[in-house]
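K.L.:
Structure incoming, see below.
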Amino acid sequence: MAFDYDLDFDNIDFRKHPEKYRVGRGEQGVLLVEPYKSEILPHWRFKTPEEAEKSSKKIYEQFLDYKKNKDFVGADMARKFLQMGYTRARRYTNYKGGRKYNEDGEVNRRKIDPVKAKSAAIFEEKWKLARTDEEYLKMKKAHQKEFG
């Protein structure tokens, strides 16, 4: 089932109401689902490899804690933040200022930033660990079976 952007995200506590959560595709809802957004976002950084290392490690630890507590929504949100760390760092790797398109809607010329590429690789490693975790995958399947 698709991610439902019509929910009242300002007033739903998804820890209390996991039945309202839909996995969606990729990073959908990563900046909407509370209380997880507020728990994970303060740790999300990718500007330098050092920041990316510290950030991805902390968010992966959160992923493991959510998983240990059988909190699928939290684990999935942590996985989404790891994925977003990778995709955003890749965007900044390829395009100065992270801007793929110019004012005319044309694609800017790529300019590889090796520092951001390293940050992306750091996040990618943790994202792969999370998305292939067998217990997480079982929790995801069970959540989708029960709630869609």
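Residues are named by chain letter and number: chains run A, B, ... in the order of the structure tokens, numbers start at 1 in each chain, and ligands are numbered from 1 in the order shown.
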Please return, as a compact mmCIF listing (two decimals) with N, CA and C atoms, in the first residue's frame, all residues of chain A that DSSP assigns to helix (DSSP H, G or I) on the basis of the backbone.
P.N.:
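Now in selection_36.txt:
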```
# COMPACT_ATOMS: atom_id res chain seq x y z
N PHE A 9 -0.49 14.38 10.01
CA PHE A 9 0.81 14.09 10.60
C PHE A 9 1.13 14.95 11.81
N ASP A 10 0.55 16.13 11.90
CA ASP A 10 0.80 17.00 13.05
C ASP A 10 0.21 16.45 14.33
N ASN A 11 -0.75 15.56 14.21
CA ASN A 11 -1.46 15.09 15.41
C ASN A 11 -1.43 13.58 15.60
N PRO A 18 0.88 2.58 15.30
CA PRO A 18 1.67 2.03 14.19
C PRO A 18 0.79 1.52 13.04
N GLU A 19 -0.46 1.26 13.33
CA GLU A 19 -1.37 0.77 12.29
C GLU A 19 -1.61 1.81 11.20
N LYS A 20 -1.32 3.07 11.49
CA LYS A 20 -1.52 4.13 10.50
C LYS A 20 -0.31 4.30 9.57
N TYR A 36 9.38 9.80 15.64
CA TYR A 36 10.66 9.33 15.10
C TYR A 36 11.47 10.43 14.42
N LYS A 37 10.79 11.28 13.65
CA LYS A 37 11.51 12.37 12.99
C LYS A 37 12.28 13.18 14.02
N SER A 38 11.63 13.52 15.13
CA SER A 38 12.27 14.34 16.16
C SER A 38 13.38 13.60 16.90
N GLU A 39 13.31 12.27 16.94
CA GLU A 39 14.33 11.48 17.61
C GLU A 39 15.57 11.26 16.73
N ILE A 40 15.36 11.17 15.43
CA ILE A 40 16.45 10.81 14.52
C ILE A 40 17.07 12.03 13.84
N LEU A 41 16.25 12.97 13.40
CA LEU A 41 16.72 14.12 12.63
C LEU A 41 17.87 14.90 13.28
N PRO A 42 17.86 15.12 14.60
CA PRO A 42 18.98 15.88 15.20
C PRO A 42 20.35 15.24 14.99
N HIS A 43 20.38 13.96 14.66
CA HIS A 43 21.65 13.25 14.49
C HIS A 43 22.07 13.13 13.03
N PRO A 49 32.93 13.62 5.89
CA PRO A 49 32.98 12.20 6.24
C PRO A 49 32.97 11.95 7.75
N GLU A 50 33.60 12.84 8.50
CA GLU A 50 33.60 12.69 9.96
C GLU A 50 32.18 12.81 10.53
N GLU A 51 31.45 13.81 10.04
CA GLU A 51 30.05 13.97 10.46
C GLU A 51 29.21 12.78 10.01
N ALA A 52 29.44 12.34 8.79
CA ALA A 52 28.68 11.21 8.25
C ALA A 52 28.94 9.94 9.05
N GLU A 53 30.18 9.74 9.44
CA GLU A 53 30.54 8.56 10.24
C GLU A 53 29.81 8.57 11.58
N LYS A 54 29.90 9.69 12.28
CA LYS A 54 29.24 9.82 13.58
C LYS A 54 27.72 9.71 13.43
N SER A 55 27.17 10.38 12.44
CA SER A 55 25.73 10.40 12.21
C SER A 55 25.20 9.02 11.85
N SER A 56 25.82 8.38 10.86
CA SER A 56 25.33 7.08 10.42
C SER A 56 25.45 6.03 11.52
N LYS A 57 26.50 6.14 12.31
CA LYS A 57 26.67 5.21 13.44
C LYS A 57 25.55 5.39 14.46
N LYS A 58 25.26 6.64 14.81
CA LYS A 58 24.20 6.92 15.78
C LYS A 58 22.83 6.47 15.26
N ILE A 59 22.54 6.77 14.01
CA ILE A 59 21.24 6.41 13.45
C ILE A 59 21.12 4.89 13.32
N TYR A 60 22.21 4.23 12.98
CA TYR A 60 22.17 2.76 12.92
C TYR A 60 21.96 2.19 14.32
N GLU A 61 22.56 2.78 15.34
CA GLU A 61 22.31 2.36 16.72
C GLU A 61 20.83 2.53 17.07
N GLN A 62 20.24 3.64 16.63
CA GLN A 62 18.81 3.85 16.85
C GLN A 62 18.01 2.76 16.14
N PHE A 63 18.39 2.44 14.90
CA PHE A 63 17.74 1.35 14.16
C PHE A 63 17.76 0.06 14.99
N LEU A 64 18.94 -0.28 15.53
CA LEU A 64 19.06 -1.50 16.32
C LEU A 64 18.22 -1.44 17.59
N ASP A 65 18.17 -0.28 18.24
CA ASP A 65 17.35 -0.12 19.44
C ASP A 65 15.87 -0.28 19.13
N TYR A 66 15.41 0.36 18.06
CA TYR A 66 14.00 0.22 17.67
C TYR A 66 13.69 -1.25 17.38
N LYS A 67 14.59 -1.89 16.67
CA LYS A 67 14.39 -3.29 16.32
C LYS A 67 14.33 -4.15 17.58
N LYS A 68 15.25 -3.91 18.50
CA LYS A 68 15.29 -4.67 19.76
C LYS A 68 13.98 -4.49 20.54
N PHE A 72 8.75 -1.57 14.77
CA PHE A 72 9.03 -1.59 13.35
C PHE A 72 9.03 -0.19 12.74
N VAL A 73 8.08 0.65 13.11
CA VAL A 73 7.99 1.98 12.52
C VAL A 73 9.29 2.76 12.79
N GLY A 74 9.79 2.70 14.01
CA GLY A 74 11.04 3.36 14.33
C GLY A 74 12.21 2.81 13.54
N ALA A 75 12.28 1.48 13.43
CA ALA A 75 13.35 0.86 12.65
C ALA A 75 13.27 1.28 11.19
N ASP A 76 12.07 1.32 10.64
CA ASP A 76 11.91 1.70 9.25
C ASP A 76 12.27 3.17 9.03
N MET A 77 11.91 4.01 9.98
CA MET A 77 12.27 5.42 9.87
C MET A 77 13.78 5.61 9.95
N ALA A 78 14.45 4.88 10.84
CA ALA A 78 15.91 4.97 10.91
C ALA A 78 16.52 4.50 9.60
N ARG A 79 15.98 3.42 9.03
CA ARG A 79 16.45 2.95 7.73
C ARG A 79 16.28 4.04 6.66
N LYS A 80 15.15 4.75 6.71
CA LYS A 80 14.91 5.83 5.74
C LYS A 80 15.90 6.97 5.91
N PHE A 81 16.24 7.31 7.14
CA PHE A 81 17.22 8.38 7.37
C PHE A 81 18.61 7.96 6.87
N LEU A 82 18.96 6.69 7.04
CA LEU A 82 20.23 6.21 6.50
C LEU A 82 20.21 6.29 4.97
N GLN A 83 19.10 5.89 4.38
CA GLN A 83 18.96 5.99 2.92
C GLN A 83 19.05 7.44 2.46
N MET A 84 18.38 8.32 3.19
CA MET A 84 18.39 9.73 2.82
C MET A 84 19.79 10.33 3.00
N GLY A 85 20.54 9.87 3.98
CA GLY A 85 21.92 10.33 4.13
C GLY A 85 22.73 9.98 2.88
N TYR A 86 22.51 8.77 2.39
CA TYR A 86 23.21 8.36 1.17
C TYR A 86 22.75 9.18 -0.03
N THR A 87 21.44 9.28 -0.25
CA THR A 87 20.96 9.95 -1.47
C THR A 87 21.27 11.45 -1.46
N ARG A 88 21.17 12.09 -0.32
CA ARG A 88 21.47 13.53 -0.27
C ARG A 88 22.96 13.77 -0.46
N ALA A 89 23.79 12.97 0.17
CA ALA A 89 25.23 13.12 -0.02
C ALA A 89 25.60 12.87 -1.48
N ARG A 90 24.95 11.91 -2.12
CA ARG A 90 25.21 11.66 -3.55
C ARG A 90 24.80 12.87 -4.39
N ARG A 91 23.69 13.48 -4.04
CA ARG A 91 23.24 14.66 -4.79
C ARG A 91 24.30 15.77 -4.68
N TYR A 92 24.82 15.97 -3.47
CA TYR A 92 25.85 17.00 -3.28
C TYR A 92 27.19 16.57 -3.88
N THR A 93 27.41 15.27 -4.01
CA THR A 93 28.61 14.77 -4.68
C THR A 93 28.60 15.21 -6.13
N ASN A 94 27.46 15.07 -6.77
CA ASN A 94 27.35 15.29 -8.21
C ASN A 94 27.09 16.74 -8.61
N LYS A 96 27.16 20.88 -7.35
CA LYS A 96 27.56 21.90 -6.38
C LYS A 96 26.31 22.51 -5.75
N GLY A 97 26.30 22.56 -4.45
CA GLY A 97 25.15 23.10 -3.73
C GLY A 97 23.95 22.17 -3.73
N GLY A 98 24.11 20.95 -4.27
CA GLY A 98 23.02 19.97 -4.29
C GLY A 98 21.95 20.29 -5.32
N PRO A 114 34.71 14.73 -4.07
CA PRO A 114 35.15 13.50 -3.43
C PRO A 114 34.84 13.43 -1.93
N VAL A 115 34.75 14.57 -1.28
CA VAL A 115 34.43 14.59 0.15
C VAL A 115 32.99 14.10 0.36
N LYS A 116 32.07 14.63 -0.43
CA LYS A 116 30.67 14.21 -0.31
C LYS A 116 30.50 12.75 -0.76
N ALA A 117 31.31 12.32 -1.73
CA ALA A 117 31.25 10.93 -2.18
C ALA A 117 31.62 9.99 -1.03
N LYS A 118 32.59 10.39 -0.23
CA LYS A 118 32.98 9.57 0.93
C LYS A 118 31.85 9.55 1.96
N SER A 119 31.22 10.69 2.18
CA SER A 119 30.08 10.73 3.11
C SER A 119 28.97 9.81 2.62
N ALA A 120 28.71 9.84 1.33
CA ALA A 120 27.66 8.98 0.76
C ALA A 120 28.00 7.51 0.98
N ALA A 121 29.25 7.13 0.77
CA ALA A 121 29.67 5.74 0.94
C ALA A 121 29.52 5.29 2.38
N ILE A 122 29.78 6.18 3.31
CA ILE A 122 29.63 5.86 4.73
C ILE A 122 28.17 5.57 5.06
N PHE A 123 27.27 6.42 4.59
CA PHE A 123 25.84 6.19 4.83
C PHE A 123 25.36 4.95 4.09
N GLU A 124 25.86 4.73 2.88
CA GLU A 124 25.41 3.58 2.10
C GLU A 124 25.71 2.27 2.84
N GLU A 125 26.86 2.20 3.47
CA GLU A 125 27.24 0.99 4.21
C GLU A 125 26.21 0.66 5.31
N LYS A 126 25.86 1.67 6.09
CA LYS A 126 24.90 1.45 7.19
C LYS A 126 23.49 1.20 6.64
N TRP A 127 23.13 1.89 5.56
CA TRP A 127 21.81 1.69 4.94
C TRP A 127 21.67 0.24 4.45
N LYS A 128 22.73 -0.29 3.84
CA LYS A 128 22.68 -1.68 3.37
C LYS A 128 22.53 -2.65 4.53
N LEU A 129 23.23 -2.38 5.62
CA LEU A 129 23.09 -3.24 6.80
C LEU A 129 21.64 -3.25 7.30
N ALA A 130 21.04 -2.07 7.36
CA ALA A 130 19.67 -1.96 7.85
C ALA A 130 18.67 -2.62 6.90
N ARG A 131 18.76 -2.33 5.64
CA ARG A 131 17.75 -2.81 4.69
C ARG A 131 17.83 -4.30 4.42
N GLU A 134 17.79 -9.36 8.56
CA GLU A 134 16.74 -10.38 8.48
C GLU A 134 15.58 -10.13 9.44
N GLU A 135 15.89 -9.75 10.67
CA GLU A 135 14.82 -9.48 11.64
C GLU A 135 13.98 -8.28 11.20
N TYR A 136 14.64 -7.24 10.72
CA TYR A 136 13.92 -6.07 10.19
C TYR A 136 13.00 -6.48 9.05
N LEU A 137 13.50 -7.29 8.13
CA LEU A 137 12.70 -7.72 6.98
C LEU A 137 11.48 -8.53 7.42
N LYS A 138 11.65 -9.35 8.45
CA LYS A 138 10.50 -10.10 8.99
C LYS A 138 9.48 -9.16 9.60
N MET A 139 9.97 -8.16 10.34
CA MET A 139 9.08 -7.17 10.95
C MET A 139 8.33 -6.39 9.87
N LYS A 140 9.02 -6.03 8.81
CA LYS A 140 8.42 -5.29 7.71
C LYS A 140 7.32 -6.10 7.06
N LYS A 141 7.62 -7.35 6.78
CA LYS A 141 6.62 -8.24 6.14
C LYS A 141 5.38 -8.38 7.03
N ALA A 142 5.61 -8.55 8.34
CA ALA A 142 4.49 -8.70 9.28
C ALA A 142 3.66 -7.43 9.35
N HIS A 143 4.34 -6.27 9.38
CA HIS A 143 3.63 -4.99 9.43
C HIS A 143 2.79 -4.80 8.18
N GLN A 144 3.36 -5.08 7.04
CA GLN A 144 2.63 -4.91 5.78
C GLN A 144 1.48 -5.89 5.66
N LYS A 145 1.66 -7.09 6.16
CA LYS A 145 0.58 -8.07 6.13
C LYS A 145 -0.58 -7.65 7.01
N GLU A 146 -0.25 -7.12 8.20
CA GLU A 146 -1.30 -6.74 9.15
C GLU A 146 -1.96 -5.40 8.79
N PHE A 147 -1.16 -4.42 8.35
CA PHE A 147 -1.69 -3.07 8.17
C PHE A 147 -1.69 -2.55 6.73
```
K.L.:
Restricting the calculation to only C-alpha atoms, which member of A:Phe3, A:Asp113, A:Ile12, A:Asn108 is positioned closest to Thr48 in chain A?
P.N.:
A:Asp113
K.L.:
Would you work out the distance separating CA of Gly29 in chain A from CA of Arg110 in chain A, expressed in Å to one decimal?
P.N.:
28.2 Å
K.L.:
What is the distance, in Å and to one decimal place, between CA of Lys100 in chain A and CA of Leu32 in chain A?
P.N.:
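Computed distance, CA of Lys100 in chain A to CA of Leu32 in chain A, equals 24.0 Å.
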